[in-house]
Amino acid sequence: MKKKNIGNLVIIGLVLLNIILWTVFPPINDGRPHFIRAYVGEVIGSTMIILMAAGFFLTTRAKWAEAYFGGLDKMYLSHKRVNASAFLLIFVHILVVPIATEFRLGNYLAIIAFAGILTIVLLTLSPRIPLLSKLTNASYEQWKKIHRYIGIFYAVGFVHSLFVNGLSALVAFSYVQAVFIFGLLCYLYTEIFSRFTKKFLPYTVSAVRHLNGSTTEVTLTAKKERLTYQPGQFLFVRFPGDRALDESHPFSISSAPGEADIRLTIKASGDFTRELFQTLRPGMDATLDGAYGLFQYQLGGPKQIWIAGGIGITPFLSFIRNGRLEREIDFYYTVRTREEALFLDEIEAAAQGNPHFRAFVRFSIESGSLTVDEIVKNAGEDFRDRDVYMCGPLGMLNAYSEKFQALGLAAEQIHFEEFNFR
């Protein structure tokens with residue numbers, strides 16, 4: 001069993017244990033009408049509570065858990081999946097449980113919890129559904145603020161179960177109650193307690209350099225303790241002196257661990273990054289949390305292929321600047337225009353100084369899009385022996401990954417991170 005699969009297997013195990021407890025220690029049939037429907041409804045509802053608790057744990061950014069999920073980005077991906085499953089179970093729960101003949105406090109609480117969670121889910125889906133996007137017009141920052149309230153509706157949903165005419169199943173309910181408390185503590189830690197218990201490192205913006213019309217290089221200098229990281233990792237940063245920039249956002253580190261300062265290369269592609277491009281100035285305070293991620297080429301084999309799309313160059317800059325490229329590497333950097341290309345001099349210098357490092361720069365407007373077939377042709381007959389490291393737009397990553405696997409590479413040989421946390 002691979003270590004990176006253990007985390008998701010534990011979540012599945014928690015769900016299965018819930019079902020087993022409800023089966024081995026079933027509630028007593030008290031003669032009520034639709035007993036079976038109520039029984040199944042409670043199993044579904046308790047499963048939903050367990051999945052949401054797991055989702056809250058996955059957002060705590062627990063560094064020790066990264067290895068058991070394959071990285072923090074994979075933890076957020078699992079968070080999306082368990083929450084999506086929980087949301088679907090809400091509908092199944094509503095359809096299965098008997099309709100109440102009289103309204104109690106628990107019924108009103110159920111309506112509040114459902115309405116709140118539904119609102120947050122619709123806002124989460126809005127960027128992917130044009131009609132919802134037009135109706136809500138919610139930015140990532142607005143969604144993030146509203147999303148913080150989901151734990152309140154989670155608690156209301158659980159309390160609802162205490163004020164309805166539920167079945168008596170002490171063992172199963174005690175288990176669900178314990179998992180609920182764990183999930184609630186994870187939520188409270190993320191939203192409140194982490195501000196006081198987590199180690200956030202204070203930095204100062206020492207330099208801001210606009211590399212082109214949309215990209216900024218930000219240099220950060222430690223006030224006291226420096227952040228420790230590996231090449232290819234990312235961090236969360238916020239700038240508390242500016243209200244518009246006081247939300248924590250993830251960025252890959254483009255400097256090398258041996259440098260005194262940390263460098264971030266940031267493209268203005270959203271509300272936060274556009275504001276940063278326009279207003280960030282030297283002397284402003286910064287707060288760092290990290291480092292995270294398992295995008296580390298040192299863990300791969302002796303022969304590798306690196307592919308950077310656009311601003312996806314950032315982790316590879318950290319690799320190159322670290323200076324110890326002890327692998328046989330074909331590096332592909334693809335951008336639309338020459339203006340978008342960053343740090344070409346450093347890439348060329350790395351290629352000239354290392355006979356095992358070959359660099360290929362593609363301007364798609366001039367020469368067309370980079371294809372996997374080209375990459376395979378350049379790699380030669382030993383193509384299937386290589387590890388592939390990619391960073392760039394998610395659509396590009398998925399398309400390349402599918403093509404590589406179709407040509408015989410195993411999924412374990414293909415490495416990339418997803419920064420789509422919404």
# chains A, B, ... in the order shown; residues from 1 in each chain; ligands from 1
>>> residues_around(residues="stretch 211-221 of chain A", least_positions_apart="4", cutoff="12 Å", atoms="only C-alpha atoms", output="ChimeraX atom specification")
/A:201-207,225-227,237-239,251-255,259-270,273-288,310-311,313-314,337-344
>>> write_last_selection(atoms="C-alpha atoms", output="PDB file, in the first residue's frame")
ATOM      1  CA  LEU A 201       6.291  33.920  10.144  1.00  0.00           C
ATOM      2  CA  PRO A 202       6.528  37.724   9.848  1.00  0.00           C
ATOM      3  CA  TYR A 203       8.276  39.042   6.734  1.00  0.00           C
ATOM      4  CA  THR A 204       8.732  42.398   5.023  1.00  0.00           C
ATOM      5  CA  VAL A 205       8.282  43.141   1.329  1.00  0.00           C
ATOM      6  CA  SER A 206      11.814  44.230   0.406  1.00  0.00           C
ATOM      7  CA  ALA A 207      11.368  44.513  -3.376  1.00  0.00           C
ATOM      8  CA  GLU A 225      12.913  33.398  11.800  1.00  0.00           C
ATOM      9  CA  ARG A 226      13.241  32.334   8.164  1.00  0.00           C
ATOM     10  CA  LEU A 227      10.877  29.901   6.479  1.00  0.00           C
ATOM     11  CA  VAL A 237       0.972  34.619   2.180  1.00  0.00           C
ATOM     12  CA  ARG A 238      -1.097  37.608   3.216  1.00  0.00           C
ATOM     13  CA  PHE A 239      -0.283  41.287   3.595  1.00  0.00           C
ATOM     14  CA  PHE A 251       1.943  30.748  -4.264  1.00  0.00           C
ATOM     15  CA  SER A 252       4.836  28.569  -5.384  1.00  0.00           C
ATOM     16  CA  ILE A 253       8.246  29.664  -4.146  1.00  0.00           C
ATOM     17  CA  SER A 254      10.536  30.617  -7.020  1.00  0.00           C
ATOM     18  CA  SER A 255      13.713  31.202  -4.990  1.00  0.00           C
ATOM     19  CA  GLU A 259      18.886  32.329  -0.722  1.00  0.00           C
ATOM     20  CA  ALA A 260      18.568  34.799   2.140  1.00  0.00           C
ATOM     21  CA  ASP A 261      15.200  36.070   0.888  1.00  0.00           C
ATOM     22  CA  ILE A 262      12.107  34.396  -0.516  1.00  0.00           C
ATOM     23  CA  ARG A 263      10.992  35.249  -4.029  1.00  0.00           C
ATOM     24  CA  LEU A 264       7.468  34.773  -5.375  1.00  0.00           C
ATOM     25  CA  THR A 265       6.605  35.195  -9.047  1.00  0.00           C
ATOM     26  CA  ILE A 266       2.914  36.131  -9.275  1.00  0.00           C
ATOM     27  CA  LYS A 267       0.678  36.644 -12.290  1.00  0.00           C
ATOM     28  CA  ALA A 268      -2.308  39.011 -12.052  1.00  0.00           C
ATOM     29  CA  SER A 269      -5.098  36.563 -12.891  1.00  0.00           C
ATOM     30  CA  GLY A 270      -7.714  37.166 -10.173  1.00  0.00           C
ATOM     31  CA  THR A 273      -3.383  39.087  -7.669  1.00  0.00           C
ATOM     32  CA  ARG A 274      -4.568  42.068  -9.714  1.00  0.00           C
ATOM     33  CA  GLU A 275      -4.759  44.133  -6.534  1.00  0.00           C
ATOM     34  CA  LEU A 276      -1.304  42.902  -5.573  1.00  0.00           C
ATOM     35  CA  PHE A 277       0.104  43.878  -8.990  1.00  0.00           C
ATOM     36  CA  GLN A 278      -1.275  47.403  -8.615  1.00  0.00           C
ATOM     37  CA  THR A 279      -0.741  48.223  -4.937  1.00  0.00           C
ATOM     38  CA  LEU A 280       1.999  46.086  -3.360  1.00  0.00           C
ATOM     39  CA  ARG A 281       4.971  48.216  -2.343  1.00  0.00           C
ATOM     40  CA  PRO A 282       8.324  47.665  -0.573  1.00  0.00           C
ATOM     41  CA  GLY A 283       8.087  48.095   3.183  1.00  0.00           C
ATOM     42  CA  MET A 284       4.698  46.404   3.563  1.00  0.00           C
ATOM     43  CA  ASP A 285       4.333  43.601   6.102  1.00  0.00           C
ATOM     44  CA  ALA A 286       3.763  40.003   5.022  1.00  0.00           C
ATOM     45  CA  THR A 287       2.776  36.898   6.982  1.00  0.00           C
ATOM     46  CA  LEU A 288       3.854  33.470   5.720  1.00  0.00           C
ATOM     47  CA  GLY A 310       3.023  30.146 -18.378  1.00  0.00           C
ATOM     48  CA  ILE A 311       3.311  31.129 -14.724  1.00  0.00           C
ATOM     49  CA  ILE A 313       7.520  28.197 -14.382  1.00  0.00           C
ATOM     50  CA  THR A 314       7.703  29.173 -10.691  1.00  0.00           C
ATOM     51  CA  THR A 337       4.347  35.213 -26.625  1.00  0.00           C
ATOM     52  CA  ARG A 338       7.942  36.254 -26.025  1.00  0.00           C
ATOM     53  CA  GLU A 339       6.747  38.981 -23.638  1.00  0.00           C
ATOM     54  CA  GLU A 340       5.249  36.341 -21.345  1.00  0.00           C
ATOM     55  CA  ALA A 341       8.497  34.363 -21.114  1.00  0.00           C
ATOM     56  CA  LEU A 342      10.277  34.871 -17.789  1.00  0.00           C
ATOM     57  CA  PHE A 343      13.904  34.398 -16.765  1.00  0.00           C
ATOM     58  CA  LEU A 344      15.060  32.977 -20.106  1.00  0.00           C
TER      59      LEU A 344
END
>>> closest_atom_pairs(of="stretch 171-269 of chain A", to="stretch 27-46 of chain A", cutoff="9 Å", atoms="only C-alpha atoms", output="tab-separated table")
residue	atom	partner	partner_atom	distance
A:Ala172	CA	A:Ser46	CA	8.8
A:Phe173	CA	A:Ser46	CA	8.2
A:Val176	CA	A:Ser46	CA	6.3
>>> closest_residue(among="A:Asp373, A:Glu328, A:Asp271, A:Gly151", to="A:Ala244", atoms="only C-alpha atoms")
A:Asp271
>>> closest_residue(among="A:Leu317, A:Val82, A:Cys186, A:Ile6", to="A:Gly70", atoms="only C-alpha atoms")
A:Ile6
>>> residues_around(residues="stretch 392-403 of chain A", least_positions_apart="6", cutoff="9 Å", atoms="only C-alpha atoms", output="list in words")
Ile307, Ala308, Gly309, Gly310, Ile311, Gly312, Ile313, Thr371, Val372, Asp373, Leu409, Ala411, Ile414, His415, Phe416, Glu417, Glu418, Phe419 and Asn420 of chain A
>>> select_by_dssp(residues="stretch 178-224 of chain A", states="strand (DSSP E or B)", output="PyMOL selection string")
chain A and resi 201-210+215-222
>>> write_last_selection(atoms="N, CA and C atoms", output="compact mmCIF listing (two decimals), in the first residue's frame")
# COMPACT_ATOMS: atom_id res chain seq x y z
N LEU A 201 5.01 33.22 10.12
CA LEU A 201 6.29 33.92 10.14
C LEU A 201 6.16 35.33 9.58
N PRO A 202 6.60 36.34 10.33
CA PRO A 202 6.53 37.72 9.85
C PRO A 202 7.67 38.05 8.89
N TYR A 203 7.31 38.63 7.76
CA TYR A 203 8.28 39.04 6.73
C TYR A 203 7.98 40.48 6.32
N THR A 204 8.91 41.06 5.59
CA THR A 204 8.73 42.40 5.02
C THR A 204 8.93 42.33 3.51
N VAL A 205 8.10 43.05 2.78
CA VAL A 205 8.28 43.14 1.33
C VAL A 205 9.49 44.04 1.08
N SER A 206 10.58 43.45 0.61
CA SER A 206 11.81 44.23 0.41
C SER A 206 11.98 44.71 -1.03
N ALA A 207 11.28 44.07 -1.98
CA ALA A 207 11.37 44.51 -3.38
C ALA A 207 10.14 44.04 -4.14
N VAL A 208 9.70 44.87 -5.07
CA VAL A 208 8.59 44.53 -5.97
C VAL A 208 9.05 44.89 -7.39
N ARG A 209 9.08 43.89 -8.27
CA ARG A 209 9.58 44.13 -9.62
C ARG A 209 8.56 43.61 -10.63
N HIS A 210 8.05 44.49 -11.49
CA HIS A 210 7.13 44.08 -12.54
C HIS A 210 7.93 43.51 -13.70
N THR A 215 2.87 40.33 -14.60
CA THR A 215 3.59 39.46 -13.67
C THR A 215 4.52 40.26 -12.77
N THR A 216 4.51 39.91 -11.49
CA THR A 216 5.31 40.61 -10.49
C THR A 216 6.23 39.63 -9.76
N GLU A 217 7.46 40.04 -9.55
CA GLU A 217 8.34 39.29 -8.66
C GLU A 217 8.39 40.02 -7.32
N VAL A 218 7.98 39.30 -6.27
CA VAL A 218 7.95 39.87 -4.92
C VAL A 218 9.07 39.24 -4.10
N THR A 219 9.91 40.08 -3.51
CA THR A 219 10.98 39.61 -2.65
C THR A 219 10.61 39.88 -1.20
N LEU A 220 10.70 38.84 -0.37
CA LEU A 220 10.31 38.93 1.03
C LEU A 220 11.51 38.65 1.92
N THR A 221 11.70 39.50 2.92
CA THR A 221 12.82 39.36 3.85
C THR A 221 12.28 39.07 5.25
N ALA A 222 12.87 38.07 5.89
CA ALA A 222 12.40 37.66 7.22
C ALA A 222 12.71 38.73 8.26
>>> residues_around(residues="A:Phe163", least_positions_apart="3", cutoff="9 Å", atoms="only C-alpha atoms", output="list in words")
Arg104, Leu105, Gly106, Asn107, Leu109, Val159, His160 and Gly166 of chain A
>>> select_by_dssp(residues="stretch 30-116 of chain A", states="helix (DSSP H, G or I)", output="MDAnalysis selection string")
chainID A and resid 35:58 63:69 72:96 105:116
>>> closest_residue(among="A:Phe87, A:Tyr76, A:Phe180, A:Phe158", to="A:Leu14", atoms="only C-alpha atoms")
A:Phe180
>>> residues_around(residues="A:Ala54", least_positions_apart="6", cutoff="8 Å", atoms="only C-alpha atoms", output="short mmCIF file (atom, residue, chain, number, x, y, z; two decimals) with N, CA and C atoms, in the first residue's frame")
data_model
loop_
_atom_site.label_atom_id
_atom_site.label_comp_id
_atom_site.auth_asym_id
_atom_site.auth_seq_id
_atom_site.Cartn_x
_atom_site.Cartn_y
_atom_site.Cartn_z
N ILE A 11 -10.55 7.63 5.68
CA ILE A 11 -11.88 8.25 5.57
C ILE A 11 -12.92 7.21 5.19
N HIS A 79 -10.97 16.94 0.11
CA HIS A 79 -11.96 17.79 0.79
C HIS A 79 -13.16 18.06 -0.12
N VAL A 82 -15.22 14.65 -0.52
CA VAL A 82 -16.02 14.21 0.63
C VAL A 82 -17.18 15.18 0.87
N GLY A 183 -14.77 16.93 14.16
CA GLY A 183 -14.94 17.81 13.00
C GLY A 183 -15.16 19.25 13.39
#
>>> atom_distance(atom1="atom CA of A:Met1", atom2="atom CA of A:Pro231")
26.9 Å
>>> closest_residue(among="A:Val10, A:Val171, A:Leu299, A:Val179", to="A:Tyr68", atoms="only C-alpha atoms")
A:Val10
>>> closest_residue(among="A:Arg321, A:Arg386, A:Arg61, A:Arg336", to="A:Arg362", atoms="only C-alpha atoms")
A:Arg336
>>> residues_around(residues="A:Leu188", least_positions_apart="3", cutoff="12 Å", atoms="only C-alpha atoms", output="compact mmCIF listing (two decimals) with C-alpha atoms, in the first residue's frame")
# COMPACT_ATOMS: atom_id res chain seq x y z
CA ALA A 53 -15.95 16.08 9.72
CA PHE A 56 -12.98 19.97 8.07
CA PHE A 57 -9.86 18.04 9.05
CA THR A 59 -8.66 22.08 5.60
CA THR A 60 -6.53 22.37 8.76
CA ARG A 148 -16.29 30.10 6.49
CA TYR A 149 -19.83 29.80 7.83
CA ILE A 150 -20.28 26.20 6.67
CA GLY A 151 -19.16 24.91 10.08
CA ILE A 152 -22.06 26.75 11.72
CA TYR A 154 -22.74 21.71 10.12
CA ALA A 155 -23.30 22.20 13.85
CA ILE A 181 -16.98 16.88 17.93
CA PHE A 182 -13.67 16.14 16.18
CA GLY A 183 -14.94 17.81 13.00
CA LEU A 184 -16.23 20.82 14.91
CA LEU A 185 -12.87 21.23 16.66
CA GLU A 191 -11.22 29.60 11.57
CA ILE A 192 -10.24 30.79 15.07
CA PHE A 193 -7.62 28.94 17.09
CA SER A 194 -4.99 28.59 14.34
CA ARG A 195 -4.46 32.36 14.46
CA PHE A 196 -3.10 31.96 17.98
CA THR A 197 -1.51 28.50 17.89
>>> closest_residue(among="A:Val15, A:Ala178, A:Met390, A:Leu170", to="A:Trp306", atoms="only C-alpha atoms")
A:Met390
